[in-house]
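First up is the structure itself, then whatever we jot down about it.
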Amino acid sequence: MSLYLTRLSSLTFRGGVQSKLIYHQCWIPVTTICCQSKFCSTGTKQKPDYYITTPIFYVNALPHIGHLYTVLFADVLSRWHQLKGDNVLFSTGTDEHGLKIQQAANKTDEHPTEFCNLVSQTFRDLFKEANVNHTDFIRTTEKRHITAVQHFWMVLESKGYIYKGVYEGWYSVSDEAFLSDSDVKDGMIDGKTCKISVESEQPVIWMEEENYMFRLSEFKDKIHDWLDTGVIHSKNFEQNVRTMLTNLTDLSISRQSDRLTWGIPVPNDPTQTIYVWLDALVNYLTVTGYPNVSSRWPPDCQIIGKDILRFHAVYWPAFLMAAGLELPKKLLCHSHWTVDDTKMSKSIGNVVNPMDKMNQFSVDGLRYFLLRVGVPHLDGNYSDIKAVECINSELVNVLGNLLNRCTSLTINLQQVWTGCYVDDIEKFLSPADQNKFHSLKHLADVVDRFYTEFSVYKALQKLISQLHWTNAFVEHHKPWQLVKSEQSLGHLNVVLHVTMVTLRNCGILLQPVIPNIANKLLNRLNVSDDCRTFEHAKELSLDKKTRQLGKDNSILLKRIKM
């Protein structure tokens with residue numbers, strides 16, 4: 001039986017083979033049909049505000065700093081949309097099928113299930129420790145996913161995009177990728193000459209076997225059209241994809257099950273196992289409830305590393321178009337992380353354990369460093385020295401010092417949030433200081449623009465720049481001198497007010513990146529939970545209302561020592 005989704009308004013009936021169609025949450029029998037629209041879906045959709053995904057991470061090895069950066073990038077964008085009042089679906093998880101997993105489990109004398117359970121849990125533990133607020137953690141070994149994958153296969157098959165053939169060519173076990181002659185080169189592995197992948201420099205093997213093929217070559221022009229919409233960010237990755245499309249051939253989407261036992265069986269053919277990347281990509285559908293009708297499709301943003309661009313920017317849109325489903329709105333592709341300007345490698349021994357670094361720098365400290373220095377279109381360079389310098393100079397010296405200055409018992413004697421009128425601002429501040437303070441109400445929109453452009457590092461630059469100015473402002477007005485004279489108390493109140501409003505607004509906008517520190521800061525300023533939204537970050541609070549500060553006067557973050 002063929003099972004698939006499509007829109008009834010764009011149907012062409014072929015023959016009389018009976019199948020089933022999900023429509024308005026119910027199964028109804030219909031004749032086999034073919035959707036001729038460019039993108040189609042089912043029913044009238046009421047889409048939630050934001051759906052963001054990370055790739056699901058391969059469990060052949062423990063998580064490293066690059067994995068954490070990817071999921072933090074998604075977490076920050078998710079939290080930002082929540083800050084603006086959006087309803088967010090944020091999915092991540094682990095990819096647990098394939099020959100590489102089968103081989104890794106064999107090396108440890110474990111059943112693949114036990115091996116996957118162990119490594120998948122390390123990812124869960126890392127994300128929990130890093131305060132990653134995902135809404136779904138999907139594993140490809142789950143029953144709901146196996147159901148979705150086999151259903152998706154039958155959709156492609158029913159539409160004539162799958163056929164039986166013989167694949168002859170190169171295969172990279174490490175990358176789980178089929179490669180053309182142009183994708184391989186001569187190289188050296190363990191002192192021996194062999195063929196390796198041009199992109200990953202991993203060894204490849206020559207394969208000849210009968211399996212199922214997907215008519216990928218038919219989608220070359222349509223993928224070019226999709227790329228024309230500007231779907232890939234950053235733009236410099238787009239040309240890489242167009243190059244991949246130059247000699248696009250059909251794709252092998254199964255392996256013989258006697259060679260690959262650890263995977264999802266092809267429906268109605270137990271001699272074949274579904275190709276791991278077809279299996280893995282369907283996870284983005286699984287979390288929306290597929291094959292049931294869902295209002296959550298398509299994704300607003302899919303975050304990926306540049307090493308898996310081919311699978312997400314060539315294979316994935318082709319699969320979706322073949323199935324008659326809408327395509328992702330944005331593919332956010334980021335570069336890799338080196339360590340002290342050297343590629344991370346288990347053989348070199350320089351793989352960075354993020355758990356260790358969170359213990360060393362604090363959770364928010366590491367979150368801040370990775371997102372502050374990580375530029376999506378450039379390779380990042382991890383360094384303990386750089387991390388310490390960044391955290392100490394910006395979180396401790398700038399943010400923490402500023403909070404301490406306006407809340408210390410020696411300056412803020414009454415331990416209150418001070419109020420002031422516009423007249424007070426004009427009386428005690430220079431025109432330049434007034435303009436800078438009033439520009440604070442536009443800061444949230446500026447930061448929002450950077451988030452919309454996926455430039456989290458620029459958003460943080462802007463916020464730190466505002467806090468730097470405020471520190472200089474405090475230094476200039478010297479509140480520790482003003483507090484000594486009753487005649488200067490009005491001036492002191494203005495200085496404290498400007499400082500605390502800046503801290504409050506910046507603290508609200510920093511919540512997605514450093515949620516623990518931002519929460520502590522806002523608690524100290526006694527900002528209620530219902531006054532910490534994006535819109536509240538635009539307020540200047542120019543009135544005489546005062547309120548007591550929060551009681552927790554401990555420092556925001558201790559200085560990190562090497």
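Chain lettering (A, B, ...) mirrors the order of the structure tokens, residue numbering begins at 1 for each chain separately, and ligand numbering begins at 1 in order of display.
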
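The shell of residues at most 7 Å from Gly550 of chain A, with only C-alpha atoms counted and near chain neighbours (fewer than 3 positions) removed, consists of Asn523, Arg524, Leu525 and Asn526 of chain A.
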
**Message:** I'd like the interatomic distance between atom CA of Gly230 of chain A and atom CA of Ile304 of chain A, to a tenth of an Å.
**Reply:** 16.0 Å

Interface rows for segment 302-345 of chain A against segment 141-153 of chain A: nearest pair, Å to one decimal, 10 Å, only C-alpha atoms, as JSON lines:
```
{"residue": "A:Phe319", "atom": "CA", "partner": "A:Phe152", "partner_atom": "CA", "distance": 9.1}
{"residue": "A:Leu320", "atom": "CA", "partner": "A:Phe152", "partner_atom": "CA", "distance": 9.4}
{"residue": "A:Ala323", "atom": "CA", "partner": "A:Phe152", "partner_atom": "CA", "distance": 7.5}
```

**Prompt:** Running DSSP on the backbone, which parts of segment 163-226 of chain A land in strand (DSSP E or B), as an MDAnalysis selection string?
**Reply:** chainID A and resid 163:172 177:179 184:189 192:197 203 205:214

Closest-contact table, segment 466-504 of chain A side, partner segment 528-538 of chain A, 12 Å, counting only C-alpha atoms, as a tab-separated table:
```
residue	atom	partner	partner_atom	distance
A:Val501	CA	A:Ala537	CA	9.1
A:Thr502	CA	A:Ala537	CA	9.1
A:Leu503	CA	A:Ala537	CA	10.0
A:Arg504	CA	A:Ala537	CA	7.4
```

Within 12 Å of Leu399 of chain A using only C-alpha atoms, minus same-chain residues under 3 positions, as a JSON list (two decimals) with all heavy atoms, in the first residue's frame:
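around31.json written:
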```json
[["chain", "number", "residue", "atom", "x", "y", "z"],
["A", 391, "ILE", "N", 35.74, 36.25, 28.83],
["A", 391, "ILE", "CA", 34.81, 36.17, 29.97],
["A", 391, "ILE", "C", 35.16, 37.20, 31.02],
["A", 391, "ILE", "O", 34.29, 37.91, 31.54],
["A", 391, "ILE", "CB", 34.83, 34.74, 30.56],
["A", 391, "ILE", "CG1", 34.28, 33.74, 29.54],
["A", 391, "ILE", "CG2", 34.01, 34.68, 31.85],
["A", 391, "ILE", "CD1", 34.56, 32.29, 29.89],
["A", 392, "ASN", "N", 36.43, 37.32, 31.35],
["A", 392, "ASN", "CA", 36.85, 38.28, 32.39],
["A", 392, "ASN", "C", 36.65, 39.72, 31.95],
["A", 392, "ASN", "O", 36.16, 40.56, 32.72],
["A", 392, "ASN", "CB", 38.30, 38.04, 32.77],
["A", 392, "ASN", "CG", 38.49, 36.84, 33.68],
["A", 392, "ASN", "OD1", 37.54, 36.35, 34.29],
["A", 392, "ASN", "ND2", 39.70, 36.34, 33.77],
["A", 393, "SER", "N", 37.02, 40.03, 30.71],
["A", 393, "SER", "CA", 36.97, 41.42, 30.27],
["A", 393, "SER", "C", 35.54, 41.91, 30.06],
["A", 393, "SER", "O", 35.25, 43.09, 30.33],
["A", 393, "SER", "CB", 37.77, 41.60, 28.98],
["A", 393, "SER", "OG", 37.19, 40.88, 27.92],
["A", 394, "GLU", "N", 34.63, 41.02, 29.63],
["A", 394, "GLU", "CA", 33.29, 41.50, 29.29],
["A", 394, "GLU", "C", 32.24, 41.14, 30.33],
["A", 394, "GLU", "O", 31.43, 41.99, 30.71],
["A", 394, "GLU", "CB", 32.91, 40.98, 27.89],
["A", 394, "GLU", "CG", 33.87, 41.52, 26.83],
["A", 394, "GLU", "CD", 33.45, 41.23, 25.41],
["A", 394, "GLU", "OE1", 32.42, 40.54, 25.20],
["A", 394, "GLU", "OE2", 34.14, 41.70, 24.49],
["A", 395, "LEU", "N", 32.22, 39.90, 30.79],
["A", 395, "LEU", "CA", 31.20, 39.53, 31.78],
["A", 395, "LEU", "C", 31.57, 39.99, 33.19],
["A", 395, "LEU", "O", 30.71, 40.45, 33.95],
["A", 395, "LEU", "CB", 30.97, 38.02, 31.76],
["A", 395, "LEU", "CG", 30.34, 37.44, 30.49],
["A", 395, "LEU", "CD1", 30.07, 35.96, 30.67],
["A", 395, "LEU", "CD2", 29.06, 38.18, 30.12],
["A", 396, "VAL", "N", 32.85, 39.86, 33.55],
["A", 396, "VAL", "CA", 33.27, 40.23, 34.90],
["A", 396, "VAL", "C", 33.54, 41.73, 34.99],
["A", 396, "VAL", "O", 32.93, 42.44, 35.80],
["A", 396, "VAL", "CB", 34.53, 39.43, 35.31],
["A", 396, "VAL", "CG1", 35.00, 39.88, 36.70],
["A", 396, "VAL", "CG2", 34.23, 37.93, 35.32],
["A", 402, "LEU", "N", 29.71, 46.93, 36.48],
["A", 402, "LEU", "CA", 28.68, 47.96, 36.37],
["A", 402, "LEU", "C", 27.55, 47.72, 37.36],
["A", 402, "LEU", "O", 27.06, 48.66, 38.01],
["A", 402, "LEU", "CB", 28.14, 47.98, 34.94],
["A", 402, "LEU", "CG", 27.26, 49.17, 34.57],
["A", 402, "LEU", "CD1", 27.99, 50.49, 34.76],
["A", 402, "LEU", "CD2", 26.76, 49.04, 33.14],
["A", 403, "LEU", "N", 27.13, 46.46, 37.50],
["A", 403, "LEU", "CA", 26.09, 46.16, 38.49],
["A", 403, "LEU", "C", 26.57, 46.46, 39.89],
["A", 403, "LEU", "O", 25.83, 47.04, 40.70],
["A", 403, "LEU", "CB", 25.68, 44.69, 38.37],
["A", 403, "LEU", "CG", 24.60, 44.23, 39.36],
["A", 403, "LEU", "CD1", 23.28, 44.93, 39.10],
["A", 403, "LEU", "CD2", 24.42, 42.72, 39.32],
["A", 404, "ASN", "N", 27.79, 46.10, 40.19],
["A", 404, "ASN", "CA", 28.33, 46.36, 41.52],
["A", 404, "ASN", "C", 28.40, 47.85, 41.82],
["A", 404, "ASN", "O", 28.12, 48.29, 42.94],
["A", 404, "ASN", "CB", 29.73, 45.75, 41.63],
["A", 404, "ASN", "CG", 30.33, 45.91, 43.01],
["A", 404, "ASN", "OD1", 29.78, 45.43, 43.99],
["A", 404, "ASN", "ND2", 31.46, 46.62, 43.09],
["A", 405, "ARG", "N", 28.74, 48.66, 40.82],
["A", 405, "ARG", "CA", 28.87, 50.10, 41.03],
["A", 405, "ARG", "C", 27.55, 50.75, 41.40],
["A", 405, "ARG", "O", 27.51, 51.68, 42.21],
["A", 405, "ARG", "CB", 29.43, 50.75, 39.75],
["A", 405, "ARG", "CG", 30.93, 50.60, 39.59],
["A", 405, "ARG", "CD", 31.42, 51.25, 38.32],
["A", 405, "ARG", "NE", 32.82, 51.63, 38.43],
["A", 405, "ARG", "CZ", 33.51, 52.26, 37.49],
["A", 405, "ARG", "NH1", 32.91, 52.58, 36.35],
["A", 405, "ARG", "NH2", 34.77, 52.56, 37.68],
["A", 406, "CYS", "N", 26.45, 50.31, 40.80],
["A", 406, "CYS", "CA", 25.17, 50.99, 41.06],
["A", 406, "CYS", "C", 24.38, 50.37, 42.20],
["A", 406, "CYS", "O", 23.36, 50.91, 42.62],
["A", 406, "CYS", "CB", 24.32, 51.05, 39.80],
["A", 406, "CYS", "SG", 23.73, 49.46, 39.21],
["A", 463, "LEU", "N", 25.60, 45.07, 22.50],
["A", 463, "LEU", "CA", 25.24, 45.14, 23.92],
["A", 463, "LEU", "C", 26.45, 45.48, 24.78],
["A", 463, "LEU", "O", 26.37, 46.32, 25.69],
["A", 463, "LEU", "CB", 24.62, 43.82, 24.37],
["A", 463, "LEU", "CG", 23.23, 43.52, 23.78],
["A", 463, "LEU", "CD1", 22.84, 42.07, 24.05],
["A", 463, "LEU", "CD2", 22.20, 44.47, 24.34],
["A", 464, "ILE", "N", 27.58, 44.88, 24.49],
["A", 464, "ILE", "CA", 28.79, 45.17, 25.26],
["A", 464, "ILE", "C", 29.25, 46.60, 25.01],
["A", 464, "ILE", "O", 29.73, 47.28, 25.93],
["A", 464, "ILE", "CB", 29.90, 44.16, 24.91],
["A", 464, "ILE", "CG1", 29.57, 42.81, 25.53],
["A", 464, "ILE", "CG2", 31.26, 44.63, 25.42],
["A", 464, "ILE", "CD1", 29.48, 42.81, 27.06],
["A", 465, "SER", "N", 29.08, 47.08, 23.80],
["A", 465, "SER", "CA", 29.42, 48.48, 23.51],
["A", 465, "SER", "C", 28.57, 49.43, 24.36],
["A", 465, "SER", "O", 29.09, 50.43, 24.88],
["A", 465, "SER", "CB", 29.20, 48.75, 22.02],
["A", 465, "SER", "OG", 29.42, 50.12, 21.72],
["A", 466, "GLN", "N", 27.28, 49.13, 24.49],
["A", 466, "GLN", "CA", 26.40, 49.97, 25.32],
["A", 466, "GLN", "C", 26.85, 49.92, 26.78],
["A", 466, "GLN", "O", 26.87, 50.94, 27.47],
["A", 466, "GLN", "CB", 24.96, 49.48, 25.20],
["A", 466, "GLN", "CG", 23.93, 50.35, 25.91],
["A", 466, "GLN", "CD", 23.64, 51.64, 25.16],
["A", 466, "GLN", "OE1", 23.67, 51.67, 23.93],
["A", 466, "GLN", "NE2", 23.37, 52.71, 25.90],
["A", 467, "LEU", "N", 27.23, 48.75, 27.25],
["A", 467, "LEU", "CA", 27.67, 48.61, 28.64],
["A", 467, "LEU", "C", 29.03, 49.26, 28.85],
["A", 467, "LEU", "O", 29.29, 49.83, 29.92],
["A", 467, "LEU", "CB", 27.72, 47.13, 29.01],
["A", 467, "LEU", "CG", 26.35, 46.42, 29.07],
["A", 467, "LEU", "CD1", 26.53, 44.91, 29.12],
["A", 467, "LEU", "CD2", 25.54, 46.91, 30.27],
["A", 468, "HIS", "N", 29.91, 49.21, 27.87],
["A", 468, "HIS", "CA", 31.19, 49.92, 27.94],
["A", 468, "HIS", "C", 30.95, 51.42, 28.11],
["A", 468, "HIS", "O", 31.59, 52.08, 28.93],
["A", 468, "HIS", "CB", 32.01, 49.67, 26.67],
["A", 468, "HIS", "CG", 32.96, 48.53, 26.78],
["A", 468, "HIS", "ND1", 33.97, 48.47, 27.71],
["A", 468, "HIS", "CD2", 33.08, 47.38, 26.03],
["A", 468, "HIS", "CE1", 34.65, 47.35, 27.55],
["A", 468, "HIS", "NE2", 34.13, 46.67, 26.55],
["A", 469, "TRP", "N", 30.05, 51.94, 27.29],
["A", 469, "TRP", "CA", 29.73, 53.38, 27.39],
["A", 469, "TRP", "C", 29.22, 53.71, 28.79],
["A", 469, "TRP", "O", 29.59, 54.74, 29.37],
["A", 469, "TRP", "CB", 28.68, 53.78, 26.35],
["A", 469, "TRP", "CG", 28.22, 55.20, 26.57],
["A", 469, "TRP", "CD1", 28.83, 56.33, 26.11],
["A", 469, "TRP", "CD2", 27.09, 55.63, 27.34],
["A", 469, "TRP", "NE1", 28.16, 57.44, 26.55],
["A", 469, "TRP", "CE2", 27.08, 57.04, 27.32],
["A", 469, "TRP", "CE3", 26.10, 54.97, 28.06],
["A", 469, "TRP", "CZ2", 26.12, 57.80, 27.97],
["A", 469, "TRP", "CZ3", 25.14, 55.72, 28.72],
["A", 469, "TRP", "CH2", 25.15, 57.12, 28.67],
["A", 470, "THR", "N", 28.36, 52.87, 29.32],
["A", 470, "THR", "CA", 27.78, 53.15, 30.64],
["A", 470, "THR", "C", 28.84, 53.10, 31.72],
["A", 470, "THR", "O", 28.81, 53.90, 32.67],
["A", 470, "THR", "CB", 26.65, 52.14, 30.94],
["A", 470, "THR", "OG1", 25.78, 52.05, 29.81],
["A", 470, "THR", "CG2", 25.84, 52.59, 32.15],
["A", 471, "ASN", "N", 29.79, 52.19, 31.62],
["A", 471, "ASN", "CA", 30.90, 52.18, 32.57],
["A", 471, "ASN", "C", 31.70, 53.47, 32.50],
["A", 471, "ASN", "O", 32.09, 54.04, 33.52],
["A", 471, "ASN", "CB", 31.81, 50.97, 32.30],
["A", 471, "ASN", "CG", 31.51, 49.80, 33.22],
["A", 471, "ASN", "OD1", 31.44, 49.96, 34.44],
["A", 471, "ASN", "ND2", 31.33, 48.63, 32.65],
["A", 499, "THR", "N", 22.30, 54.08, 34.83],
["A", 499, "THR", "CA", 23.06, 52.84, 34.91],
["A", 499, "THR", "C", 22.15, 51.63, 35.07],
["A", 499, "THR", "O", 22.31, 50.61, 34.38],
["A", 499, "THR", "CB", 24.05, 52.90, 36.08],
["A", 499, "THR", "OG1", 24.88, 54.05, 35.94],
["A", 499, "THR", "CG2", 24.91, 51.65, 36.14],
["A", 500, "MET", "N", 21.17, 51.74, 35.95],
["A", 500, "MET", "CA", 20.29, 50.59, 36.21],
["A", 500, "MET", "C", 19.34, 50.32, 35.04],
["A", 500, "MET", "O", 19.06, 49.15, 34.73],
["A", 500, "MET", "CB", 19.53, 50.80, 37.52],
["A", 500, "MET", "CG", 20.42, 50.63, 38.73],
["A", 500, "MET", "SD", 19.55, 50.55, 40.33],
["A", 500, "MET", "CE", 19.28, 52.29, 40.60],
["A", 502, "THR", "N", 20.04, 50.90, 31.92],
["A", 502, "THR", "CA", 20.89, 50.27, 30.91],
["A", 502, "THR", "C", 21.12, 48.80, 31.25],
["A", 502, "THR", "O", 21.03, 47.92, 30.38],
["A", 502, "THR", "CB", 22.24, 50.99, 30.82],
["A", 502, "THR", "OG1", 22.01, 52.37, 30.48],
["A", 502, "THR", "CG2", 23.13, 50.35, 29.77],
["A", 503, "LEU", "N", 21.42, 48.53, 32.52],
["A", 503, "LEU", "CA", 21.64, 47.15, 32.95],
["A", 503, "LEU", "C", 20.38, 46.31, 32.77],
["A", 503, "LEU", "O", 20.45, 45.16, 32.34],
["A", 503, "LEU", "CB", 22.09, 47.12, 34.40],
["A", 503, "LEU", "CG", 23.57, 47.35, 34.66],
["A", 503, "LEU", "CD1", 23.82, 47.57, 36.15],
["A", 503, "LEU", "CD2", 24.41, 46.17, 34.15],
["A", 504, "ARG", "N", 19.24, 46.89, 33.13],
["A", 504, "ARG", "CA", 17.99, 46.12, 32.99],
["A", 504, "ARG", "C", 17.73, 45.78, 31.54],
["A", 504, "ARG", "O", 17.45, 44.62, 31.19],
["A", 504, "ARG", "CB", 16.82, 46.93, 33.54],
["A", 504, "ARG", "CG", 15.48, 46.19, 33.44],
["A", 504, "ARG", "CD", 14.30, 47.13, 33.52],
["A", 504, "ARG", "NE", 14.30, 48.08, 32.42],
["A", 504, "ARG", "CZ", 13.48, 49.12, 32.35],
["A", 504, "ARG", "NH1", 12.63, 49.36, 33.31],
["A", 504, "ARG", "NH2", 13.54, 49.94, 31.30],
["A", 506, "CYS", "N", 19.78, 45.79, 28.90],
["A", 506, "CYS", "CA", 20.80, 44.87, 28.36],
["A", 506, "CYS", "C", 20.64, 43.48, 28.97],
["A", 506, "CYS", "O", 20.82, 42.47, 28.28],
["A", 506, "CYS", "CB", 22.20, 45.41, 28.63],
["A", 506, "CYS", "SG", 22.63, 46.87, 27.63],
["A", 507, "GLY", "N", 20.29, 43.42, 30.26],
["A", 507, "GLY", "CA", 20.08, 42.13, 30.92],
["A", 507, "GLY", "C", 18.94, 41.36, 30.28],
["A", 507, "GLY", "O", 19.04, 40.14, 30.08],
["A", 510, "LEU", "N", 20.17, 40.01, 27.03],
["A", 510, "LEU", "CA", 21.20, 39.00, 27.18],
["A", 510, "LEU", "C", 20.65, 37.65, 27.66],
["A", 510, "LEU", "O", 21.39, 36.66, 27.70],
["A", 510, "LEU", "CB", 22.27, 39.47, 28.17],
["A", 510, "LEU", "CG", 23.29, 40.49, 27.64],
["A", 510, "LEU", "CD1", 24.08, 41.09, 28.79],
["A", 510, "LEU", "CD2", 24.23, 39.84, 26.63],
["A", 514, "ILE", "N", 23.10, 34.25, 28.06],
["A", 514, "ILE", "CA", 23.57, 33.91, 29.41],
["A", 514, "ILE", "C", 22.38, 33.92, 30.38],
["A", 514, "ILE", "O", 22.24, 34.82, 31.21],
["A", 514, "ILE", "CB", 24.68, 34.88, 29.88],
["A", 514, "ILE", "CG1", 24.29, 36.34, 29.59],
["A", 514, "ILE", "CG2", 26.00, 34.54, 29.23],
["A", 514, "ILE", "CD1", 25.28, 37.35, 30.18],
["A", 517, "ILE", "N", 23.14, 34.17, 34.37],
["A", 517, "ILE", "CA", 23.68, 35.46, 34.79],
["A", 517, "ILE", "C", 22.65, 36.56, 34.60],
["A", 517, "ILE", "O", 22.49, 37.42, 35.48],
["A", 517, "ILE", "CB", 24.97, 35.78, 34.00],
["A", 517, "ILE", "CG1", 26.10, 34.84, 34.45],
["A", 517, "ILE", "CG2", 25.38, 37.23, 34.18],
["A", 517, "ILE", "CD1", 27.39, 35.02, 33.67],
["A", 518, "ALA", "N", 21.94, 36.55, 33.48],
["A", 518, "ALA", "CA", 20.92, 37.57, 33.24],
["A", 518, "ALA", "C", 19.81, 37.49, 34.29],
["A", 518, "ALA", "O", 19.33, 38.52, 34.78],
["A", 518, "ALA", "CB", 20.33, 37.41, 31.85],
["A", 520, "LYS", "N", 20.12, 36.41, 37.35],
["A", 520, "LYS", "CA", 20.68, 36.90, 38.61],
["A", 520, "LYS", "C", 20.74, 38.43, 38.61],
["A", 520, "LYS", "O", 20.42, 39.09, 39.61],
["A", 520, "LYS", "CB", 22.07, 36.31, 38.82],
["A", 520, "LYS", "CG", 22.65, 36.56, 40.20],
["A", 520, "LYS", "CD", 23.95, 35.78, 40.39],
["A", 520, "LYS", "CE", 24.49, 35.97, 41.81],
["A", 520, "LYS", "NZ", 25.74, 35.19, 42.02],
["A", 521, "LEU", "N", 21.14, 39.00, 37.49],
["A", 521, "LEU", "CA", 21.21, 40.46, 37.37],
["A", 521, "LEU", "C", 19.82, 41.09, 37.52],
["A", 521, "LEU", "O", 19.64, 42.06, 38.27],
["A", 521, "LEU", "CB", 21.82, 40.82, 36.01],
["A", 521, "LEU", "CG", 22.01, 42.30, 35.66],
["A", 521, "LEU", "CD1", 23.21, 42.44, 34.72],
["A", 521, "LEU", "CD2", 20.78, 42.91, 35.00],
["A", 555, "ILE", "N", 28.30, 38.47, 43.77],
["A", 555, "ILE", "CA", 28.81, 38.89, 42.48],
["A", 555, "ILE", "C", 28.22, 38.03, 41.37],
["A", 555, "ILE", "O", 27.88, 36.86, 41.58],
["A", 555, "ILE", "CB", 30.35, 38.85, 42.44],
["A", 555, "ILE", "CG1", 30.85, 37.41, 42.66],
["A", 555, "ILE", "CG2", 30.95, 39.80, 43.46],
["A", 555, "ILE", "CD1", 32.35, 37.28, 42.50],
["A", 556, "LEU", "N", 28.10, 38.62, 40.18],
["A", 556, "LEU", "CA", 27.50, 37.90, 39.06],
["A", 556, "LEU", "C", 28.33, 36.70, 38.64],
["A", 556, "LEU", "O", 27.81, 35.62, 38.42],
["A", 556, "LEU", "CB", 27.35, 38.85, 37.85],
["A", 556, "LEU", "CG", 26.17, 39.81, 37.84],
["A", 556, "LEU", "CD1", 26.17, 40.58, 36.52],
["A", 556, "LEU", "CD2", 24.85, 39.08, 38.02],
["A", 557, "LEU", "N", 29.62, 36.91, 38.51],
["A", 557, "LEU", "CA", 30.50, 35.85, 38.04],
["A", 557, "LEU", "C", 31.90, 36.11, 38.59],
["A", 557, "LEU", "O", 32.42, 37.22, 38.48],
["A", 557, "LEU", "CB", 30.55, 35.81, 36.51],
["A", 557, "LEU", "CG", 31.41, 34.73, 35.87],
["A", 557, "LEU", "CD1", 30.85, 33.35, 36.16],
["A", 557, "LEU", "CD2", 31.52, 34.95, 34.35],
["A", 558, "LYS", "N", 32.48, 35.10, 39.20],
["A", 558, "LYS", "CA", 33.83, 35.25, 39.73],
["A", 558, "LYS", "C", 34.84, 35.31, 38.59],
["A", 558, "LYS", "O", 34.67, 34.69, 37.55],
["A", 558, "LYS", "CB", 34.17, 34.07, 40.65],
["A", 558, "LYS", "CG", 33.36, 34.03, 41.94],
["A", 558, "LYS", "CD", 33.78, 32.85, 42.79],
["A", 558, "LYS", "CE", 32.97, 32.80, 44.08],
["A", 558, "LYS", "NZ", 33.37, 31.63, 44.93]]
```

**alpha helix (DSSP H) call set, DSSP backbone run, segment 291-434 of chain A, as a PyMOL selection string** = chain A and resi 309-310+316-323+354-361+363-373+384-390+401-407+422-428+431-434

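Those residues that approach Ala104 of chain A to within 12 Å, counting only C-alpha atoms, are Tyr58, Val59, Asn60, Ala61, Leu62, Glu96, His97, Gly98, Leu99, Asp109, Glu110, His111, Pro112, Thr113, Glu114, Phe115, Cys116, Val119, Val173, Ser174 and Trp262 of chain A; same-chain residues fewer than 5 positions away are not listed.
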
Skip Leu281 of chain A itself and residues of its chain fewer than 2 positions away, then list as a PDB file with N, CA and C atoms, in the first residue's frame all residues within 9 Å of it, counting only C-alpha atoms.
```pdb
ATOM      1  N   PRO A  55      21.075  19.732  13.390  1.00  0.00           N
ATOM      2  CA  PRO A  55      21.238  18.366  12.892  1.00  0.00           C
ATOM      3  C   PRO A  55      21.174  17.405  14.065  1.00  0.00           C
ATOM      4  N   ILE A  56      20.799  16.178  13.805  1.00  0.00           N
ATOM      5  CA  ILE A  56      20.914  15.179  14.869  1.00  0.00           C
ATOM      6  C   ILE A  56      22.343  14.650  14.832  1.00  0.00           C
ATOM      7  N   VAL A 276      21.333   5.765   5.510  1.00  0.00           N
ATOM      8  CA  VAL A 276      21.309   6.449   6.799  1.00  0.00           C
ATOM      9  C   VAL A 276      20.944   7.928   6.681  1.00  0.00           C
ATOM     10  N   TRP A 277      21.331   8.586   5.563  1.00  0.00           N
ATOM     11  CA  TRP A 277      21.009  10.014   5.459  1.00  0.00           C
ATOM     12  C   TRP A 277      19.536  10.254   5.132  1.00  0.00           C
ATOM     13  N   LEU A 278      18.918   9.384   4.358  1.00  0.00           N
ATOM     14  CA  LEU A 278      17.474   9.497   4.164  1.00  0.00           C
ATOM     15  C   LEU A 278      16.769   9.291   5.490  1.00  0.00           C
ATOM     16  N   ASP A 279      17.198   8.294   6.213  1.00  0.00           N
ATOM     17  CA  ASP A 279      16.694   8.007   7.562  1.00  0.00           C
ATOM     18  C   ASP A 279      16.850   9.245   8.454  1.00  0.00           C
ATOM     19  N   ASN A 283      14.047  12.968  10.369  1.00  0.00           N
ATOM     20  CA  ASN A 283      13.802  13.328  11.771  1.00  0.00           C
ATOM     21  C   ASN A 283      13.113  14.671  11.913  1.00  0.00           C
ATOM     22  N   TYR A 284      13.392  15.589  10.978  1.00  0.00           N
ATOM     23  CA  TYR A 284      12.788  16.915  11.048  1.00  0.00           C
ATOM     24  C   TYR A 284      11.281  16.848  10.842  1.00  0.00           C
ATOM     25  N   LEU A 285      10.836  15.844  10.094  1.00  0.00           N
ATOM     26  CA  LEU A 285       9.408  15.594   9.937  1.00  0.00           C
ATOM     27  C   LEU A 285       8.844  14.855  11.148  1.00  0.00           C
ATOM     28  N   PHE A 311      24.042  17.222   2.117  1.00  0.00           N
ATOM     29  CA  PHE A 311      22.878  16.425   2.504  1.00  0.00           C
ATOM     30  C   PHE A 311      21.639  17.291   2.734  1.00  0.00           C
ATOM     31  N   HIS A 312      21.856  18.509   3.255  1.00  0.00           N
ATOM     32  CA  HIS A 312      20.726  19.382   3.582  1.00  0.00           C
ATOM     33  C   HIS A 312      20.334  20.330   2.451  1.00  0.00           C
ATOM     34  N   TRP A 316      18.123  16.791   0.715  1.00  0.00           N
ATOM     35  CA  TRP A 316      16.925  17.082   1.520  1.00  0.00           C
ATOM     36  C   TRP A 316      15.847  17.810   0.717  1.00  0.00           C
TER      37      TRP A 316
END
```

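Among the candidates A:Tyr382, A:Tyr275, A:Phe219, A:Tyr171, the one nearest to Asp183 of chain A when counting only C-alpha atoms is A:Tyr171.
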
**Prompt:** Which one of A:Gly380, A:Pro265, A:Pro512, A:Gly187 sits closest to Leu72 of chain A if you count only C-alpha atoms?
**Reply:** A:Pro512
